[in-house]
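First up is the structure itself, then whatever we jot down about it.
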Amino acid sequence: MAADSLLWRIGGGGMLVAALLKITVVPFGEWTLFDFEAGLVWFNAMDVLVWAFVWLVGWGGNSAHALVGGYRFLALAVAYELPLMFALIAPAIAAESLNVGTIVAAQSELWFIVWMPVAFVIYSVGVVAFSVWGPFGSSLGSDIAGGVAAELSGVDRLVFFAGRYGVLVAGAAFAVPLFLGGGSGAFLPEWSWSLLKTVLVLAAFVWIRRKIPLMRPEKFMEVGWMLLIPAGMLQDLLVAMVVVNR
Amino acid sequence: MGVTHALAKFAAQRVHVLLVEAPDGWRARVEAEHATVALGWHVSLSPADADVLVVCGSAGPELAATVDRIWEQLPGPRVRIQVDRAAEVLPGLEQARRNLSAVDAHADDARTRPRVASVSSASGAHGESPGGASMDHSGMGHGGTDHSQMDHSGMDHSTMDHSGMDHSTMDHSGMDHSTMDHSGMDHSTMDHSGMDHSTMDHSGMDHSTMDHSGMDHSTMDHSGMDHSTMDHSGMDHSTMDHSGMDHSTMDHSGMDHSTMDHSGMDHSTMDHSGMDHSTMDHSGMDHSTMDHSGMDHSTMDHSGMDHSGMDHSGMDHSGMDHSGMDMAPGGIPLADGATDRDGLEMDTLKVQLGPVLPYWPPGLVLHCSLNGDVITRAQARALDDAWEGLSAPGGRDAAARHCDDAAAVLALAGASDLAADARRLRSALLRGDASTAGTALERLERRIRRSLLRWSLGRLGVVDDSALAQHLGLAHAGGVFDRLLGMLGAARDAINGSTEERRDARRLITALPQLVTGLDLAAARLVVASLGLPSLAADRHAHD
């Protein structure tokens, strides 16, 4: 009946680590910290880690409210993660590569957002969801006294929320090479275009935070499985047909 | 001024405030919310996140006890203030900010505060439960437990340390140990030193002046004896001397002690030191229906006993009935299993909602049994009977109160912008700015109708039974969304001066369990908020 401090701290600190590891595969101009062959899979693996970390923070604190927050996150995760994976597949099919640099190069003529807007929207929903952000913040909800974060104070709280903002920023940064042509743009150097686009996507995420009411897990479950998964699969099918006939 | 002081002063610029509202503290709480936002501070959701605890209104004894436990859960540096009326809020918060920067006082507080916060489910925050050493079992009641047919076979209790236990005032009367078999247990190297059995009640036995010293009972054979219906009541065995007895290789198998009566025996000042009970065989004894009530074992000396080589194997403790015992390590009840709404076996967790919880009616407590996050049983209670006889106070603040109710529903539904609008509207109404309030109210209503809330709240909390709705005095028999719009309608009516229908707080609270049972916590919170209970609370400082 005692708090599981070890798992609790692993979860709290893990969010920031996952965010930093996500950033490593994002190219800024000619620099990529970790130019991994399967960078896309790496990113996806990191956001599945977030499942574990949020759950561990909810579980480890030995508080009923935090535990309920953990339940809610897992329920939401089941509804957002599969559509997110289908959305990630679309640029990979079009570029015929899992390498993030190759995906950027494939957009030299046309940004992927233009002909795969559905995948971009689903991807954005996924980022907002794994960041426990805005409409997907029910596991940090006021109705359960802050939920997963109910027992966090001091440095634990600082690190957990820094990690939460971190994964949101990483998600916004990764949208740029995936859908927005990476560093391509006029006049300015490539790295600055990457940063500028990241800030714009991030601003949209921040703006939406207070505009849309909370998605209760059972409500979003409908959306995820009945709408987003079929839409994502259709998008992938369309992309695949274009690539085959090219 | 050192770095520490500079940092403390810097950190105190953005204070996190935990608001606790007493049933008469509505006006003060609203003002504290307003001031917190105006100062650029932050309203926190749980004690762990808070720097300042603000108690709004006068807490009754029950709420005050909860507030004390919440206070223990605040991490330092921490400051606690009490505000009874709106005018005290701003000076109180300023004072709190100054006190937060007083580094030395907080260092002292950190040194002197209890290491482990007392466990409470009041706001979901649990301290860590203390360890097992130095357990205090005093006051335990084991009366009436049934240990018949227990099986303890093969247990190894060697190297157990029970030192420092306090068993005083335990009551074992009425226990049934019939058909127990303790053969084969290993109690060697157990340490029972420091145990306190004082005030155990075996009073009435008297074994005085018996002399059993030097007896050799080895190789005695008591098998097959029938002691049933013996009556030892009123015997005096005090000052018996059993030292040096050798009971090794005694065979008591097959004895029948059923229905013996040992009540009223006195074993005080007996000396059993140096006894050798090794290799005794008690298998097959029948102690059922023995009566040991009223025995006095005080000042017995068991030092130097040799229990090594006892055979307790083959004990049967199966079928023990410990129900009715209070199994609550650290005060937290263990989870029981129960079947959830999908027919799955789930742990049942007892959780208390309120009285300190964001957007929760003041002084209200809901005792819930949770399967996962679904409420399977609920019981509502008003602390300190604060809600007795309360109904809508009407008057000047009525419109603002309805807007505050709406803000709570909106905040719980996660519509942060709309909730902020409702709070601004509340402030305008409290200022008496009725003309701007009218247009702002219409605008808010329009935005709510257009928002995704209609979809996200859905058919949540629909009171299908129109008779129940009427009984509750709800303006709308519909769901949470309809009642949210109803709150704004009631606010408009109050602005226009028309009298509203009277709602009875006690009736609403009585109906709460029925309304929330079967809902998950998020839905239950929305349903409770949609009843608009806070607007019913009387506010003795409203009109000063």
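Ordering of the structure tokens sets the chain letters (A, B, ...), residue numbers begin anew at 1 in every chain, and ligands are numbered from 1 in the order given.
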Quick one: pick out all alpha helix (DSSP H) residues within range 28-175 of chain A from a backbone DSSP run and write them as a PyMOL selection string.
chain A and resi 39-60+64-95+100-105+112-115+117-130+154-175
Hey, which bits of chain A sit within 6 Å of chain B, and for each residue what's the closest pair of atoms and how far apart in Å (one decimal), counting only C-alpha atoms, rows by chain and increasing number, as a Markdown table?
| residue | atom | partner | partner_atom | distance |
| --- | --- | --- | --- | --- |
| A:Ala2 | CA | B:Glu128 | CA | 5.3 |
| A:Ser63 | CA | B:Gly124 | CA | 5.7 |
| A:Ala64 | CA | B:Gly124 | CA | 5.8 |
| A:His65 | CA | B:Gly124 | CA | 5.5 |
| A:Val68 | CA | B:Asp373 | CA | 5.9 |
| A:Asp143 | CA | B:Leu412 | CA | 5.8 |
| A:Ala145 | CA | B:Leu45 | CA | 4.8 |
| A:Gly146 | CA | B:Leu45 | CA | 5.4 |
| A:Ala150 | CA | B:Ser46 | CA | 5.6 |
| A:Glu151 | CA | B:Ala48 | CA | 5.4 |
| A:Leu152 | CA | B:Ala48 | CA | 5.9 |
| A:Ser153 | CA | B:Ala48 | CA | 5.1 |
| A:Arg210 | CA | B:Ser416 | CA | 5.1 |
| A:Pro213 | CA | B:Ala415 | CA | 4.4 |
| A:Leu214 | CA | B:Gly414 | CA | 4.6 |
Near Ile23 in chain A, counting only C-alpha atoms, which residues have an atom at most 8 Å away, once you skip same-chain residues fewer than 4 positions from it, shown as an mmCIF file with N, CA and C atoms, in the first residue's frame?
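File written: part-v1.cif
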data_model
loop_
_atom_site.group_PDB
_atom_site.id
_atom_site.type_symbol
_atom_site.label_atom_id
_atom_site.label_comp_id
_atom_site.auth_asym_id
_atom_site.auth_seq_id
_atom_site.Cartn_x
_atom_site.Cartn_y
_atom_site.Cartn_z
ATOM 1 N N ALA A 19 11.029 12.894 -25.222
ATOM 2 C CA ALA A 19 10.955 14.083 -26.068
ATOM 3 C C ALA A 19 12.305 14.369 -26.734
ATOM 4 N N ALA A 170 8.358 18.294 -29.783
ATOM 5 C CA ALA A 170 8.957 17.289 -30.663
ATOM 6 C C ALA A 170 7.951 16.864 -31.741
ATOM 7 N N ALA A 173 7.812 19.605 -34.257
ATOM 8 C CA ALA A 173 9.041 19.626 -35.053
ATOM 9 C C ALA A 173 9.050 18.493 -36.073
ATOM 10 N N PHE A 174 8.506 17.337 -35.716
ATOM 11 C CA PHE A 174 8.540 16.182 -36.610
ATOM 12 C C PHE A 174 7.528 16.329 -37.748
#
Contacts of Gly134 in chain A within 12 Å, only C-alpha atoms, excl. fewer than 3 positions in-chain, as a count of residues only:
32
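Between CA of Val159 in chain A and CA of Ile10 in chain A the interatomic distance comes to 10.9 Å.
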